[in-house]
$ cat start13.pdb   # PDB, C-alpha atoms, pLDDT in the B column
ATOM      1  CA  MET A   1      74.241 137.184  64.165  1.00 52.00           C
ATOM      2  CA  LEU A   2      74.402 138.166  67.820  1.00 55.00           C
ATOM      3  CA  ARG A   3      73.735 135.680  70.556  1.00 52.00           C
ATOM      4  CA  ARG A   4      72.567 136.421  74.006  1.00 49.00           C
ATOM      5  CA  PRO A   5      74.909 135.244  76.759  1.00 49.00           C
ATOM      6  CA  ARG A   6      73.622 132.214  78.609  1.00 48.00           C
ATOM      7  CA  ALA A   7      72.948 132.270  82.321  1.00 45.00           C
ATOM      8  CA  PRO A   8      75.442 130.215  84.353  1.00 46.00           C
ATOM      9  CA  ALA A   9      72.734 127.906  85.699  1.00 43.00           C
ATOM     10  CA  SER A  10      69.023 127.945  85.214  1.00 42.00           C
ATOM     11  CA  SER A  11      66.721 128.523  88.158  1.00 41.00           C
ATOM     12  CA  TRP A  12      65.389 124.965  88.187  1.00 38.00           C
ATOM     13  CA  LEU A  13      68.924 123.576  88.480  1.00 39.00           C
ATOM     14  CA  ARG A  14      69.743 125.912  91.373  1.00 45.00           C
ATOM     15  CA  ALA A  15      66.503 124.968  93.132  1.00 42.00           C
ATOM     16  CA  GLU A  16      67.259 121.276  92.621  1.00 44.00           C
ATOM     17  CA  ARG A  17      70.755 121.626  94.085  1.00 44.00           C
ATOM     18  CA  ALA A  18      69.449 123.597  97.059  1.00 47.00           C
ATOM     19  CA  ALA A  19      66.854 120.918  97.807  1.00 45.00           C
ATOM     20  CA  GLU A  20      69.470 118.128  97.930  1.00 45.00           C
ATOM     21  CA  PRO A  21      70.941 117.496 101.374  1.00 47.00           C
ATOM     22  CA  ASP A  22      74.724 117.637 101.698  1.00 47.00           C
ATOM     23  CA  ARG A  23      75.397 113.963 102.425  1.00 47.00           C
ATOM     24  CA  THR A  24      79.168 114.226 102.619  1.00 45.00           C
ATOM     25  CA  ALA A  25      79.116 116.462 105.685  1.00 46.00           C
ATOM     26  CA  THR A  26      76.392 114.623 107.607  1.00 50.00           C
ATOM     27  CA  THR A  27      77.303 110.982 106.913  1.00 52.00           C
ATOM     28  CA  THR A  28      78.535 109.186 110.027  1.00 57.00           C
ATOM     29  CA  VAL A  29      80.076 105.778 110.580  1.00 54.00           C
ATOM     30  CA  GLU A  30      76.719 104.550 111.875  1.00 61.00           C
ATOM     31  CA  ASP A  31      75.013 105.722 108.665  1.00 60.00           C
ATOM     32  CA  ARG A  32      77.598 103.888 106.582  1.00 57.00           C
ATOM     33  CA  GLN A  33      77.164 100.711 108.621  1.00 59.00           C
ATOM     34  CA  ALA A  34      73.350 100.952 108.286  1.00 59.00           C
ATOM     35  CA  GLU A  35      73.728 101.287 104.513  1.00 59.00           C
ATOM     36  CA  ALA A  36      76.068  98.288 104.490  1.00 53.00           C
ATOM     37  CA  GLU A  37      73.515  96.141 106.309  1.00 58.00           C
ATOM     38  CA  ARG A  38      70.697  96.594 103.803  1.00 57.00           C
ATOM     39  CA  PRO A  39      69.016  93.351 102.803  1.00 59.00           C
ATOM     40  CA  GLY A  40      70.043  92.004  99.423  1.00 68.00           C
ATOM     41  CA  ARG A  41      73.632  93.232  99.656  1.00 80.00           C
ATOM     42  CA  ASP A  42      76.454  90.743  99.911  1.00 86.00           C
ATOM     43  CA  PRO A  43      79.065  92.224 102.303  1.00 86.00           C
ATOM     44  CA  GLY A  44      81.734  89.934 100.877  1.00 86.00           C
ATOM     45  CA  ARG A  45      81.281  91.046  97.262  1.00 91.00           C
ATOM     46  CA  PRO A  46      84.112  93.365  96.151  1.00 91.00           C
ATOM     47  CA  VAL A  47      82.604  96.454  94.542  1.00 92.00           C
ATOM     48  CA  TYR A  48      84.593  99.567  95.545  1.00 95.00           C
ATOM     49  CA  VAL A  49      87.715 100.769  93.738  1.00 96.00           C
ATOM     50  CA  ILE A  50      90.447 102.187  95.952  1.00 97.00           C
ATOM     51  CA  SER A  51      89.443 105.847  95.580  1.00 96.00           C
ATOM     52  CA  VAL A  52      85.833 105.151  96.548  1.00 96.00           C
ATOM     53  CA  ALA A  53      86.850 102.893  99.448  1.00 97.00           C
ATOM     54  CA  ALA A  54      89.257 105.553 100.709  1.00 97.00           C
ATOM     55  CA  GLY A  55      86.488 108.143 100.535  1.00 96.00           C
ATOM     56  CA  LEU A  56      84.095 105.913 102.489  1.00 96.00           C
ATOM     57  CA  VAL A  57      86.503 105.520 105.411  1.00 96.00           C
ATOM     58  CA  ALA A  58      88.028 109.026 105.102  1.00 95.00           C
ATOM     59  CA  VAL A  59      91.635 107.949 104.504  1.00 96.00           C
ATOM     60  CA  HIS A  60      94.126 108.498 101.707  1.00 97.00           C
ATOM     61  CA  PRO A  61      94.332 105.676  99.126  1.00 97.00           C
ATOM     62  CA  ARG A  62      97.994 105.252 100.107  1.00 98.00           C
ATOM     63  CA  THR A  63      96.832 104.276 103.604  1.00 97.00           C
ATOM     64  CA  LEU A  64      94.806 101.396 102.144  1.00 97.00           C
ATOM     65  CA  ARG A  65      97.877 100.269 100.192  1.00 97.00           C
ATOM     66  CA  ILE A  66      99.936 100.361 103.410  1.00 97.00           C
ATOM     67  CA  TYR A  67      97.325  98.276 105.238  1.00 97.00           C
ATOM     68  CA  GLU A  68      97.433  95.782 102.371  1.00 96.00           C
ATOM     69  CA  GLY A  69     101.225  95.682 102.459  1.00 95.00           C
ATOM     70  CA  GLU A  70     101.117  94.987 106.201  1.00 94.00           C
ATOM     71  CA  GLY A  71      98.705  92.100 105.572  1.00 94.00           C
ATOM     72  CA  LEU A  72      95.795  93.687 107.465  1.00 95.00           C
ATOM     73  CA  ILE A  73      93.405  93.705 104.500  1.00 96.00           C
ATOM     74  CA  CYS A  74      93.348  91.698 101.306  1.00 95.00           C
ATOM     75  CA  PRO A  75      91.221  93.322  98.597  1.00 96.00           C
ATOM     76  CA  ALA A  76      90.162  91.350  95.553  1.00 96.00           C
ATOM     77  CA  ARG A  77      91.821  92.082  92.219  1.00 95.00           C
ATOM     78  CA  THR A  78      90.349  92.387  88.749  1.00 95.00           C
ATOM     79  CA  PRO A  79      92.068  90.714  85.769  1.00 95.00           C
ATOM     80  CA  SER A  80      93.717  94.096  85.077  1.00 96.00           C
ATOM     81  CA  ASN A  81      95.039  94.137  88.705  1.00 95.00           C
ATOM     82  CA  ILE A  82      92.730  96.858  90.060  1.00 96.00           C
ATOM     83  CA  ARG A  83      91.957  96.549  93.776  1.00 96.00           C
ATOM     84  CA  LEU A  84      88.294  96.035  94.680  1.00 96.00           C
ATOM     85  CA  TYR A  85      87.123  96.402  98.276  1.00 97.00           C
ATOM     86  CA  SER A  86      84.054  94.752  99.810  1.00 95.00           C
ATOM     87  CA  GLU A  87      81.871  95.959 102.693  1.00 94.00           C
ATOM     88  CA  ASN A  88      83.798  93.543 104.933  1.00 92.00           C
ATOM     89  CA  ASP A  89      87.076  95.189 103.879  1.00 95.00           C
ATOM     90  CA  ILE A  90      85.595  98.618 104.627  1.00 95.00           C
ATOM     91  CA  ARG A  91      84.444  97.432 108.061  1.00 92.00           C
ATOM     92  CA  ARG A  92      87.907  96.002 108.747  1.00 94.00           C
ATOM     93  CA  VAL A  93      89.565  99.323 107.833  1.00 96.00           C
ATOM     94  CA  LEU A  94      87.197 101.114 110.219  1.00 94.00           C
ATOM     95  CA  TRP A  95      88.329  98.734 112.985  1.00 92.00           C
ATOM     96  CA  ILE A  96      91.985  99.369 112.130  1.00 94.00           C
ATOM     97  CA  ARG A  97      91.407 103.134 112.299  1.00 95.00           C
ATOM     98  CA  HIS A  98      89.617 102.827 115.639  1.00 91.00           C
ATOM     99  CA  LEU A  99      92.350 100.672 117.162  1.00 90.00           C
ATOM    100  CA  THR A 100      95.208 102.871 115.962  1.00 94.00           C
ATOM    101  CA  GLN A 101      93.699 106.294 116.560  1.00 94.00           C
ATOM    102  CA  ASN A 102      91.490 105.793 119.618  1.00 90.00           C
ATOM    103  CA  LEU A 103      93.243 102.990 121.493  1.00 87.00           C
ATOM    104  CA  GLY A 104      96.857 103.681 120.515  1.00 93.00           C
ATOM    105  CA  VAL A 105      97.568 100.256 119.006  1.00 92.00           C
ATOM    106  CA  ASN A 106     100.245 100.131 116.295  1.00 95.00           C
ATOM    107  CA  LEU A 107      99.805  98.150 113.069  1.00 95.00           C
ATOM    108  CA  ALA A 108     101.768  95.158 114.388  1.00 95.00           C
ATOM    109  CA  GLY A 109      99.441  95.074 117.390  1.00 94.00           C
ATOM    110  CA  VAL A 110      96.410  95.280 115.127  1.00 93.00           C
ATOM    111  CA  ARG A 111      97.697  92.290 113.185  1.00 94.00           C
ATOM    112  CA  VAL A 112      98.161  90.315 116.423  1.00 92.00           C
ATOM    113  CA  LEU A 113      94.613  91.214 117.546  1.00 90.00           C
ATOM    114  CA  PHE A 114      93.145  90.103 114.220  1.00 91.00           C
ATOM    115  CA  GLU A 115      95.103  86.821 114.372  1.00 91.00           C
ATOM    116  CA  LEU A 116      93.983  86.172 117.956  1.00 88.00           C
ATOM    117  CA  GLU A 117      90.394  86.848 117.032  1.00 87.00           C
ATOM    118  CA  GLU A 118      90.592  84.393 114.125  1.00 87.00           C
ATOM    119  CA  ARG A 119      92.324  81.693 116.197  1.00 87.00           C
ATOM    120  CA  LEU A 120      90.034  81.953 119.203  1.00 85.00           C
ATOM    121  CA  GLY A 121      86.855  82.570 117.264  1.00 80.00           C
ATOM    122  CA  MET A 122      85.957  85.291 119.779  1.00 74.00           C
ATOM    123  CA  ARG A 123      84.999  88.911 119.294  1.00 77.00           C
ATOM    124  CA  ILE A 124      87.971  90.519 121.062  1.00 71.00           C
ATOM    125  CA  LEU A 125      87.649  93.734 119.077  1.00 72.00           C
ATOM    126  CA  GLU A 126      84.071  94.336 120.183  1.00 74.00           C
ATOM    127  CA  GLN A 127      85.188  94.071 123.813  1.00 72.00           C
ATOM    128  CA  LEU A 128      87.975  96.587 123.172  1.00 65.00           C
ATOM    129  CA  TYR A 129      85.509  98.915 121.498  1.00 65.00           C
ATOM    130  CA  SER A 130      83.178  98.831 124.493  1.00 70.00           C
ATOM    131  CA  GLU A 131      86.057  99.545 126.920  1.00 68.00           C
ATOM    132  CA  GLY A 132      86.951 102.848 125.246  1.00 63.00           C
ATOM    133  CA  PRO A 133      90.324 104.622 125.087  1.00 61.00           C
ATOM    134  CA  ILE A 134      93.077 103.779 127.549  1.00 58.00           C
ATOM    135  CA  THR A 135      94.187 106.550 129.906  1.00 59.00           C
ATOM    136  CA  ARG A 136      97.791 106.406 131.019  1.00 57.00           C
ATOM    137  CA  SER A 137      98.938 107.238 134.554  1.00 57.00           C
ATOM    138  CA  ALA A 138     101.855 109.501 135.379  1.00 58.00           C
ATOM    139  CA  PRO A 139     105.206 107.864 136.254  1.00 61.00           C
ATOM    140  CA  GLY A 140     105.304 106.829 139.896  1.00 62.00           C
ATOM    141  CA  GLU A 141     101.508 106.897 140.198  1.00 62.00           C
ATOM    142  CA  ASP A 142      99.610 103.736 141.070  1.00 58.00           C
ATOM    143  CA  PRO A 143      97.925 102.505 137.826  1.00 52.00           C
ATOM    144  CA  ASP A 144      94.982 101.059 139.784  1.00 55.00           C
ATOM    145  CA  ALA A 145      94.341 104.425 141.399  1.00 55.00           C
ATOM    146  CA  ALA A 146      94.019 106.009 137.951  1.00 51.00           C
ATOM    147  CA  GLY A 147      91.349 103.480 136.987  1.00 51.00           C
ATOM    148  CA  THR A 148      93.310 101.621 134.330  1.00 52.00           C
ATOM    149  CA  SER A 149      94.226  97.991 134.073  1.00 50.00           C
ATOM    150  CA  ARG A 150      97.070  96.564 132.049  1.00 45.00           C
TER     151      ARG A 150
END
$ encode --input "start13.pdb" --output "C-alpha cells"
Amino acid sequence: MLRRPRAPASSWLRAERAAEPDRTATTTVEDRQAEAERPGRDPGRPVYVISVAAGLVAVHPRTLRIYEGEGLICPARTPSNIRLYSENDIRRVLWIRHLTQNLGVNLAGVRVLFELEERLGMRILEQLYSEGPITRSAPGEDPDAAGTSR
C-alpha cells in the first residue's frame, strides 16, 4: 500500500502563523510593565521560574543567580527548591539592569541604593531614572562646565 507524502504544514496553519504578530521582537519594557499592572494580578505572588523570568528581562539565568547571591533579589522557593520570581522581583531586576548599564553603578552600589531607599522610605531610584546617564568630564576640565554634578 502506497501512501502519499504529507505536506509539511497545511495552508490553514501557515495562514494562522502569518496572522499572529511577532511579540518577542516588539515587546518593550513599557509593554511588560503595562501587563504587570493589570487589575487582578498580585505583583508579589511568585509565578515565574528562572528561565521565564530571565526571558522577560532579557538576561541569562546565571545573571539572576548572581543577583540572588549578591543579595539584590530574593526569589521564593518551592518545596523542591525551585526559584519562583514575582512581578516585583522582575521590576527590581529591571532597576538593577538600568542602574548598572545606563548609570554605571556596580552591584555593591546598587545594594547601597536599595538599602538607602528602604531606610529612608524615599524613591531615590525614580529620581536617578529621571536624571538620565552621567557624562564624565575629561581630566583637568571643570566638571561644572561639562554640566555634571557629583
$ atom_distance --input "start13.pdb" --atom1 "atom CA of A:Leu94" --atom2 "atom CA of A:Gly121"
19.8 Å
$ axis_aligned_box --input "start13.pdb" --around "stretch 89-101 of chain A" --padding-each-side "6 Å" --output "AutoDock Vina command-line options"
--center_x 89.8 --center_y 100.7 --center_z 110.5 --size_x 22.8 --size_y 23.1 --size_z 25.3
$ resolve_selection --input "start13.pdb" --expression "the PyMOL selection byres ((chain A and resi 43-58) around 8)" --output "VMD selection string"
chain A and resid 32 36 to 37 41 to 42 59 to 61 64 75 to 76 82 to 88 90 93 to 94
$ residues_around --input "start13.pdb" --residues "A:Leu113" --least-positions-apart "5" --cutoff "12 Å" --atoms "only C-alpha atoms" --output "list in words"
Leu72, Trp95, Ile96, Leu99, Thr100, Val105, Asn106, Leu107, Ala108, Glu118, Arg119, Leu120, Gly121, Met122, Arg123, Ile124, Leu125, Glu126, Gln127 and Leu128 of chain A
$ closest_residue --input "start13.pdb" --among "A:Tyr67, A:Ile73, A:Leu116, A:Ser130" --to "A:Asn102" --atoms "only C-alpha atoms"
A:Ser130
$ atom_distance --input "start13.pdb" --atom1 "atom CA of A:Arg91" --atom2 "atom CA of A:Phe114"
12.9 Å
$ atom_distance --input "start13.pdb" --atom1 "atom CA of A:Glu115" --atom2 "atom CA of A:Asn81"
26.7 Å
$ decode --input "start13.pdb" --residues "stretch 40-65 of chain A" --atoms "N, CA and C atoms" --output "short mmCIF file (atom, residue, chain, number, x, y, z; two decimals), in the first residue's frame"
data_model
loop_
_atom_site.label_atom_id
_atom_site.label_comp_id
_atom_site.auth_asym_id
_atom_site.auth_seq_id
_atom_site.Cartn_x
_atom_site.Cartn_y
_atom_site.Cartn_z
N GLY A 40 -6.27 42.67 39.14
CA GLY A 40 -6.50 41.26 39.46
C GLY A 40 -5.21 40.46 39.57
N ARG A 41 -4.08 41.07 39.27
CA ARG A 41 -2.80 40.39 39.41
C ARG A 41 -2.11 40.87 40.67
N ASP A 42 -1.59 39.93 41.43
CA ASP A 42 -0.85 40.26 42.63
C ASP A 42 0.63 40.35 42.27
N PRO A 43 1.25 41.54 42.31
CA PRO A 43 2.65 41.67 41.91
C PRO A 43 3.62 40.98 42.86
N GLY A 44 3.17 40.62 44.04
CA GLY A 44 4.03 39.95 45.00
C GLY A 44 3.96 38.43 44.92
N ARG A 45 3.05 37.90 44.11
CA ARG A 45 2.88 36.45 44.01
C ARG A 45 3.95 35.84 43.10
N PRO A 46 4.77 34.93 43.61
CA PRO A 46 5.81 34.33 42.76
C PRO A 46 5.22 33.33 41.77
N VAL A 47 5.44 33.58 40.48
CA VAL A 47 4.85 32.73 39.46
C VAL A 47 5.83 32.30 38.37
N TYR A 48 6.94 33.00 38.19
CA TYR A 48 7.84 32.73 37.07
C TYR A 48 9.04 31.89 37.50
N VAL A 49 9.28 30.79 36.78
CA VAL A 49 10.51 30.03 37.01
C VAL A 49 11.67 30.83 36.42
N ILE A 50 12.89 30.43 36.73
CA ILE A 50 14.05 31.24 36.39
C ILE A 50 14.21 31.45 34.88
N SER A 51 13.90 30.45 34.08
CA SER A 51 14.07 30.62 32.63
C SER A 51 13.08 31.63 32.06
N VAL A 52 11.86 31.62 32.57
CA VAL A 52 10.85 32.57 32.10
C VAL A 52 11.19 33.98 32.59
N ALA A 53 11.59 34.10 33.85
CA ALA A 53 11.97 35.40 34.39
C ALA A 53 13.16 35.98 33.63
N ALA A 54 14.13 35.14 33.32
CA ALA A 54 15.29 35.61 32.55
C ALA A 54 14.87 36.07 31.16
N GLY A 55 13.94 35.37 30.56
CA GLY A 55 13.45 35.78 29.24
C GLY A 55 12.69 37.10 29.29
N LEU A 56 11.95 37.34 30.37
CA LEU A 56 11.19 38.59 30.49
C LEU A 56 12.10 39.81 30.59
N VAL A 57 13.22 39.67 31.27
CA VAL A 57 14.12 40.82 31.45
C VAL A 57 15.34 40.76 30.52
N ALA A 58 15.37 39.78 29.64
CA ALA A 58 16.42 39.62 28.62
C ALA A 58 17.81 39.50 29.24
N VAL A 59 17.94 38.59 30.21
CA VAL A 59 19.24 38.28 30.80
C VAL A 59 19.40 36.76 30.83
N HIS A 60 20.61 36.32 31.09
CA HIS A 60 20.87 34.89 31.23
C HIS A 60 20.41 34.45 32.62
N PRO A 61 19.91 33.24 32.78
CA PRO A 61 19.51 32.77 34.12
C PRO A 61 20.64 32.87 35.15
N ARG A 62 21.88 32.71 34.69
CA ARG A 62 23.02 32.83 35.61
C ARG A 62 23.08 34.23 36.22
N THR A 63 22.70 35.24 35.46
CA THR A 63 22.69 36.61 35.96
C THR A 63 21.73 36.74 37.14
N LEU A 64 20.56 36.12 37.04
CA LEU A 64 19.60 36.15 38.15
C LEU A 64 20.16 35.45 39.37
N ARG A 65 20.91 34.36 39.16
CA ARG A 65 21.52 33.66 40.29
C ARG A 65 22.59 34.53 40.95
#
